[in-house]
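Following: one structure in structure tokens, then a few remarks.
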Amino acid sequence: MTDSAAISEESRYHLLFDNMVSGFAYHKIITNKDGEPVDYEFLSVNKAFERFTGLKRTDIIGKRVTEAIPEIATIEFDWIGVYGKVALTGKPVVFERYFEPLKRWYYISAYCPEKFHFAVTFDDITFRKNVEKKLRDHESQFQIVTDNSVAFIAYVGMDDLRYEFVNKKYEESYGIPRQNIIGKHIKEIIGSRHYDVALNYIQDVKQGKTVSFLQSYDFKDGRRSLKVNLVPEFDDHKRVVGMVVLSYDITELKEIQNALEESERKYRSLFDKNENGIFIYDQETLIILDANPAMTEIYGFNYDELVGMNCLALSSEVSESVKASEIIKNSGRLNVEIRWHKKKDNTIFPVELEAFSVESYGRRIGYTLIKDLTERKKAEDALRESEEKYRKIFNEAQVALFRTRISDGQLIDANEEYAKMAGYPNVRECIGHFHPGRSWVDQKSRKKMIDLLVKKGSVRGYEAQIVRRDGVSIWVRFSATIYPENGYIEGSIEDITKQRDAYEQLKDINTALDVLLKKREEDSKKIEENIFSNYELMIMPFLNRLKYTDLNANQQNLINIIEENLTEIVDPFVKKLSNSMMRLTQSEIQIATMIKQGLTNKEIAQTLNCSKRTVDTHRENIRKKLHLTNNKVNLKTYLLHL
């Protein structure tokens, strides 16, 4: 008889089932007189059940669930109803659910092995759920994580049901590049038959509900069974704007369920179909006696190569594995969160392992369950790298960066540039002592910025005055974004004190220049007016009288030349004055100039050798042309301001 045959087949797999990685529980449903499920009784649980739930089998076997977990009757999800339906109809269910009493997430498969009974296998997926939440907070790493996910992930706009995002798994399964999927209607990708089924669930998503359903799809590598989750995406107004499609390939799980339903040899099926590696070995010789298919997938050896191999050959830390073997011998159990193993091609990769040993037919038999952590390790490394990269950029940025609480303005985080601007030698002291909210000179201005942030979500170039550690007031320019769901404001701040000082100095200089230019213009205008006035009052009257005296031809010619030359000299002044006086006649300009100089009508008449009445007439015409006929404005004052 071989080593493998020496172990009772049935005993071996019962032991394996009791020590499997997944939790297991077997129950009997309890109904009321109307045949409706109202409770269920624990009949059997395995060790993983105890570990995942914290409930001891000695405390719950033979008890009703409402006795073991009283809160189950008051929580929103109808656990008894769901399991009752499985036990009474024989229809299996697979779902994920958060179990409030234990504060854990579980991936659950329930089926009915016999009437009024149901069995549950489940895994604690709390860690996975927490990682998914963290990954949502690190959007820059979203593509990397989703592309390494075993799930089919897509995002679809709710208005037009067109793809906006798909992950690598999604595009590879359909054999269509993602750029050829993005923008397409889902019907064009999944086909009319699947679309008609999905449309019923999409209507529920539009109402804000998260829905799940099972469906088989034909991919390029064959037909696969998927658990499809449709999760609504809400905008700030609680309107459904899209949905996340999160599907898991449960083909292997369905095969295991079918095998369990078809045969009492369910332990063997579970062993063979488990996605985690499982091998059984002789505790004394460390020779592998049996291995499941996942072991061949994980390590690259075929079944015949694994059986008969020393299990230490799978480890890249042989000395640690030898110590672990001794611990299992002495204590009977060992759990290692991370150990480095090697594949057939010598690739080193991380695994989580749980090992235990039992006595069987006079021999110590060891069971080791292997979980490949490669994908999880990649996700964790990517997450850590993202955080480190962000922190490095944040700390080394040449601009002052900050994060403050919305409620009171307390500084949560800052970089060295911010500490320097606030007058502190380092960030640690700055965060411990500087209070940005209280540093504002004008608190009303701070409230105004907060109101803008709440209204618009972000502000750019908001200027304000704050007080540094040393009491010096400086002008700064804010650019910030508010994150109300996280309770903080994040942004940058720039010291613009020198810029503002330079701006004020420039304004003073411009004001002084304006005064000088205006004075120069006024002086120039006065000089021109004086030249023209002297020409009109002191030269032309005498020149005109001289023209009409007894002159010979030669003298008359000289007078004409003098008059022409004088006219050319004062002509530019006359044009300027004429334009400003609304195209007055030459006589009116002459009289307006004398009025501006303060001469009375009588004095003007004597100077021009004309009657006072003539001067009065010209004066009225000047007021008309300047639109002053019915205006009480003094003509001399008006002319002085032209």
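Identifiers in the structure tokens: chain A, B, ... in order shown; residue index from 1 per chain; ligand index from 1 in order shown.
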
Rows by chain and residue number, region 136-252 of chain A within 9 Å of region 90-111 of chain A, shortest pair, only C-alpha atoms, as JSON lines:
{"residue": "A:Ser212", "atom": "CA", "partner": "A:Phe95", "partner_atom": "CA", "distance": 7.9}
{"residue": "A:Phe213", "atom": "CA", "partner": "A:Phe95", "partner_atom": "CA", "distance": 9.0}
{"residue": "A:Leu214", "atom": "CA", "partner": "A:Val94", "partner_atom": "CA", "distance": 8.6}
{"residue": "A:Lys227", "atom": "CA", "partner": "A:Val94", "partner_atom": "CA", "distance": 8.0}

Those same residues - N, CA and C atoms - I'd like them written as a tab-separated table (two decimals), in the first residue's frame.
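Produced file part_16.tsv, reproduced below:
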chain	number	residue	atom	x	y	z
A	212	SER	N	-27.01	43.12	-7.69
A	212	SER	CA	-26.10	42.04	-8.05
A	212	SER	C	-26.91	40.95	-8.73
A	213	PHE	N	-26.29	40.32	-9.71
A	213	PHE	CA	-26.94	39.19	-10.38
A	213	PHE	C	-25.87	38.31	-11.02
A	214	LEU	N	-26.25	37.06	-11.31
A	214	LEU	CA	-25.35	36.10	-11.92
A	214	LEU	C	-25.72	35.94	-13.39
A	227	LYS	N	-20.41	37.02	-11.40
A	227	LYS	CA	-21.27	37.70	-10.45
A	227	LYS	C	-21.12	39.19	-10.74

Inset, instruction - Write out as a PyMOL selection string the residues lying within 12 Å of Leu199 (chain A), counting only C-alpha atoms and excluding same-chain residues fewer than 4 positions away. - result: chain A and resi 158+161+186-187+190-195+203-206+211+213+230

Atoms kept (N, CA and C atoms) for selection, written as a tab-separated table (two decimals), in the first residue's frame:
chain	number	residue	atom	x	y	z
A	158	MET	N	-24.66	57.14	-16.89
A	158	MET	CA	-26.05	56.74	-16.74
A	158	MET	C	-26.95	57.35	-17.81
A	161	LEU	N	-25.52	55.38	-21.18
A	161	LEU	CA	-25.08	53.98	-21.04
A	161	LEU	C	-23.89	53.68	-21.94
A	186	ILE	N	-23.11	50.00	-24.14
A	186	ILE	CA	-22.83	48.68	-23.57
A	186	ILE	C	-23.43	47.57	-24.42
A	187	LYS	N	-24.50	47.87	-25.11
A	187	LYS	CA	-25.14	46.85	-25.95
A	187	LYS	C	-24.22	46.39	-27.06
A	190	ILE	N	-21.56	43.89	-24.97
A	190	ILE	CA	-22.01	42.66	-24.32
A	190	ILE	C	-23.05	41.91	-25.15
A	191	GLY	N	-23.61	42.55	-26.19
A	191	GLY	CA	-24.58	41.89	-27.05
A	191	GLY	C	-26.02	42.10	-26.60
A	192	SER	N	-26.94	41.93	-27.52
A	192	SER	CA	-28.35	42.22	-27.25
A	192	SER	C	-28.92	41.34	-26.16
A	193	ARG	N	-28.60	40.04	-26.18
A	193	ARG	CA	-29.19	39.11	-25.21
A	193	ARG	C	-28.80	39.48	-23.79
A	194	HIS	N	-27.52	39.73	-23.55
A	194	HIS	CA	-27.07	40.10	-22.21
A	194	HIS	C	-27.56	41.50	-21.83
A	195	TYR	N	-27.66	42.38	-22.83
A	195	TYR	CA	-28.12	43.74	-22.56
A	195	TYR	C	-29.57	43.74	-22.07
A	203	GLN	N	-32.39	49.64	-14.43
A	203	GLN	CA	-33.50	50.49	-13.99
A	203	GLN	C	-33.47	50.69	-12.48
A	204	ASP	N	-33.09	49.62	-11.72
A	204	ASP	CA	-32.97	49.75	-10.27
A	204	ASP	C	-31.80	50.65	-9.89
A	205	VAL	N	-30.70	50.55	-10.65
A	205	VAL	CA	-29.53	51.39	-10.38
A	205	VAL	C	-29.90	52.86	-10.56
A	206	LYS	N	-30.71	53.16	-11.56
A	206	LYS	CA	-31.14	54.55	-11.80
A	206	LYS	C	-31.91	55.10	-10.61
A	211	VAL	N	-27.22	46.69	-7.16
A	211	VAL	CA	-27.81	45.39	-7.51
A	211	VAL	C	-26.71	44.40	-7.87
A	213	PHE	N	-26.29	40.32	-9.71
A	213	PHE	CA	-26.94	39.19	-10.38
A	213	PHE	C	-25.87	38.31	-11.02
A	230	LEU	N	-23.68	46.07	-9.87
A	230	LEU	CA	-23.88	47.40	-10.45
A	230	LEU	C	-24.07	48.38	-9.30

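Of the listed residues (A:Arg477, A:Arg376, A:Lys28, A:His117), A:Arg376 comes nearest to Val145 (chain A); the distances count only C-alpha atoms.
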
Inset, instruction - Please identify which residues in region 272-507 of chain A DSSP calls alpha helix (DSSP H) from the backbone, and express them as a PyMOL selection string. - result: chain A and resi 272-273+293-299+303-306+318-331+374-396+416-422+427-433+436-439+443-456+497-507

Inset, instruction - Between CA of Lys169 (chain A) and CA of Val156 (chain A), measure the distance and give it in Å to one decimal. - result: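 Separation between CA of Lys169 (chain A) and CA of Val156 (chain A): 16.0 Å.
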
Legend entry - Residues near Ser149 (chain A), cut-off 10 Å, only C-alpha atoms, skip fewer than 5 positions along chain, as JSON, numbers by chain: {"A": [143, 144, 167, 168, 169, 248, 375, 376, 379]}

Inset, instruction - Compile the contact shell of Ile561 (chain A) as a list of chain:residue names: residues with an atom at most 12 Å away, counting only C-alpha atoms, same-chain residues fewer than 6 positions apart removed. - result: A:Leu543, A:Lys547, A:Asn554, A:Gln555, A:Thr567, A:Glu568

Expected file: the selected residues, C-alpha atoms, as a PDB file, in the first residue's frame:
ATOM      1  CA  LEU A 543       0.661 147.361 -36.774  1.00  0.00           C
ATOM      2  CA  LYS A 547      -0.629 150.286 -42.145  1.00  0.00           C
ATOM      3  CA  ASN A 554       8.549 150.109 -49.903  1.00  0.00           C
ATOM      4  CA  GLN A 555       7.442 150.775 -46.295  1.00  0.00           C
ATOM      5  CA  THR A 567       0.859 135.361 -38.506  1.00  0.00           C
ATOM      6  CA  GLU A 568       2.988 132.262 -39.279  1.00  0.00           C
TER       7      GLU A 568
END

Inset, instruction - Pick out the residues sitting within 12 Å of Gln606 (chain A), and hand them over as a list of chain:residue names; count only C-alpha atoms, and ignore anything fewer than 4 positions along from it in its own chain. - result: A:Leu537, A:Pro541, A:Ile591, A:Met594, A:Leu599, A:Thr600, A:Asn601, A:Lys602, A:Cys610, A:Ser611, A:Lys612, A:Arg613, A:Thr614, A:Val615

Inset, instruction - For region 316-325 of chain A, work out the shell of residues within 9 Å, counting only C-alpha atoms and skipping chain neighbours fewer than 3 positions away, then give it as a ChimeraX atom specification. - result: /A:283,286,312-313,328-330,334,336,339-342,346,348,355

Inset, instruction - Can you work out which one of A:Phe17, A:Lys133, A:Lys371, A:Asp282 has the shortest atom-to-atom distance to Arg265 (chain A), counting only C-alpha atoms? - result: A:Phe17

Inset, instruction - Work out how far apart CA of Gly157 (chain A) and CA of Asn180 (chain A) are and give it in Å to one decimal. - result: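 We find that CA of Gly157 (chain A) and CA of Asn180 (chain A) lie 16.2 Å from each other.
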
Compile a residue-level contact table for region 456-477 of chain A against region 489-513 of chain A at a cut-off of 10 Å, reporting for every qualifying residue the shortest atom pair and its distance in Å to one decimal, with only C-alpha atoms counted, rows ordered by chain and ascending number, as a tab-separated table.
residue	atom	partner	partner_atom	distance
A:Gly457	CA	A:Ile489	CA	9.8
A:Ser458	CA	A:Gly491	CA	9.1
A:Val459	CA	A:Gly491	CA	9.3
A:Arg460	CA	A:Gly491	CA	9.5
A:Gly461	CA	A:Ile493	CA	9.1
A:Tyr462	CA	A:Ile493	CA	9.4
A:Glu463	CA	A:Ile496	CA	8.6
A:Ala464	CA	A:Ile496	CA	9.7
A:Gln465	CA	A:Thr497	CA	9.0
A:Ile466	CA	A:Asp495	CA	9.9
A:Ser473	CA	A:Thr497	CA	8.9
A:Ile474	CA	A:Thr497	CA	5.5
A:Trp475	CA	A:Thr497	CA	4.7
A:Val476	CA	A:Asp495	CA	4.5
A:Arg477	CA	A:Glu494	CA	5.1

How would the residues just chosen look if you wrote them out with N, CA and C atoms as a PDB file, in the first residue's frame?
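What follows is the written file result-v1.pdb:
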ATOM      1  N   GLY A 457     -15.803  75.339  -4.739  1.00  0.00           N
ATOM      2  CA  GLY A 457     -14.922  74.172  -4.601  1.00  0.00           C
ATOM      3  C   GLY A 457     -13.457  74.527  -4.579  1.00  0.00           C
ATOM      4  N   SER A 458     -13.084  75.664  -5.213  1.00  0.00           N
ATOM      5  CA  SER A 458     -11.684  76.075  -5.224  1.00  0.00           C
ATOM      6  C   SER A 458     -11.604  77.575  -5.506  1.00  0.00           C
ATOM      7  N   VAL A 459     -10.478  78.189  -5.116  1.00  0.00           N
ATOM      8  CA  VAL A 459     -10.202  79.591  -5.429  1.00  0.00           C
ATOM      9  C   VAL A 459      -8.783  79.703  -5.956  1.00  0.00           C
ATOM     10  N   ARG A 460      -8.545  80.696  -6.787  1.00  0.00           N
ATOM     11  CA  ARG A 460      -7.216  80.936  -7.341  1.00  0.00           C
ATOM     12  C   ARG A 460      -6.889  82.429  -7.221  1.00  0.00           C
ATOM     13  N   GLY A 461      -5.711  82.740  -6.684  1.00  0.00           N
ATOM     14  CA  GLY A 461      -5.242  84.114  -6.621  1.00  0.00           C
ATOM     15  C   GLY A 461      -5.948  84.997  -5.616  1.00  0.00           C
ATOM     16  N   TYR A 462      -6.419  84.424  -4.496  1.00  0.00           N
ATOM     17  CA  TYR A 462      -7.098  85.221  -3.460  1.00  0.00           C
ATOM     18  C   TYR A 462      -6.042  85.889  -2.576  1.00  0.00           C
ATOM     19  N   GLU A 463      -6.072  87.232  -2.493  1.00  0.00           N
ATOM     20  CA  GLU A 463      -5.054  87.974  -1.764  1.00  0.00           C
ATOM     21  C   GLU A 463      -5.564  88.382  -0.381  1.00  0.00           C
ATOM     22  N   ALA A 464      -4.684  88.255   0.612  1.00  0.00           N
ATOM     23  CA  ALA A 464      -5.050  88.601   1.990  1.00  0.00           C
ATOM     24  C   ALA A 464      -3.781  88.934   2.765  1.00  0.00           C
ATOM     25  N   GLN A 465      -3.966  89.431   3.988  1.00  0.00           N
ATOM     26  CA  GLN A 465      -2.855  89.810   4.854  1.00  0.00           C
ATOM     27  C   GLN A 465      -2.842  88.907   6.085  1.00  0.00           C
ATOM     28  N   ILE A 466      -1.664  88.311   6.381  1.00  0.00           N
ATOM     29  CA  ILE A 466      -1.538  87.458   7.560  1.00  0.00           C
ATOM     30  C   ILE A 466      -0.355  87.934   8.398  1.00  0.00           C
ATOM     31  N   SER A 473       3.387  91.699   9.488  1.00  0.00           N
ATOM     32  CA  SER A 473       2.273  91.438   8.574  1.00  0.00           C
ATOM     33  C   SER A 473       2.802  91.325   7.150  1.00  0.00           C
ATOM     34  N   ILE A 474       2.344  90.329   6.440  1.00  0.00           N
ATOM     35  CA  ILE A 474       2.744  90.158   5.040  1.00  0.00           C
ATOM     36  C   ILE A 474       1.502  89.928   4.192  1.00  0.00           C
ATOM     37  N   TRP A 475       1.620  90.298   2.923  1.00  0.00           N
ATOM     38  CA  TRP A 475       0.545  90.038   1.959  1.00  0.00           C
ATOM     39  C   TRP A 475       0.828  88.707   1.273  1.00  0.00           C
ATOM     40  N   VAL A 476      -0.220  87.898   1.126  1.00  0.00           N
ATOM     41  CA  VAL A 476      -0.064  86.587   0.490  1.00  0.00           C
ATOM     42  C   VAL A 476      -1.174  86.373  -0.534  1.00  0.00           C
ATOM     43  N   ARG A 477      -0.902  85.419  -1.452  1.00  0.00           N
ATOM     44  CA  ARG A 477      -1.889  85.046  -2.465  1.00  0.00           C
ATOM     45  C   ARG A 477      -2.197  83.554  -2.319  1.00  0.00           C
TER      46      ARG A 477
END
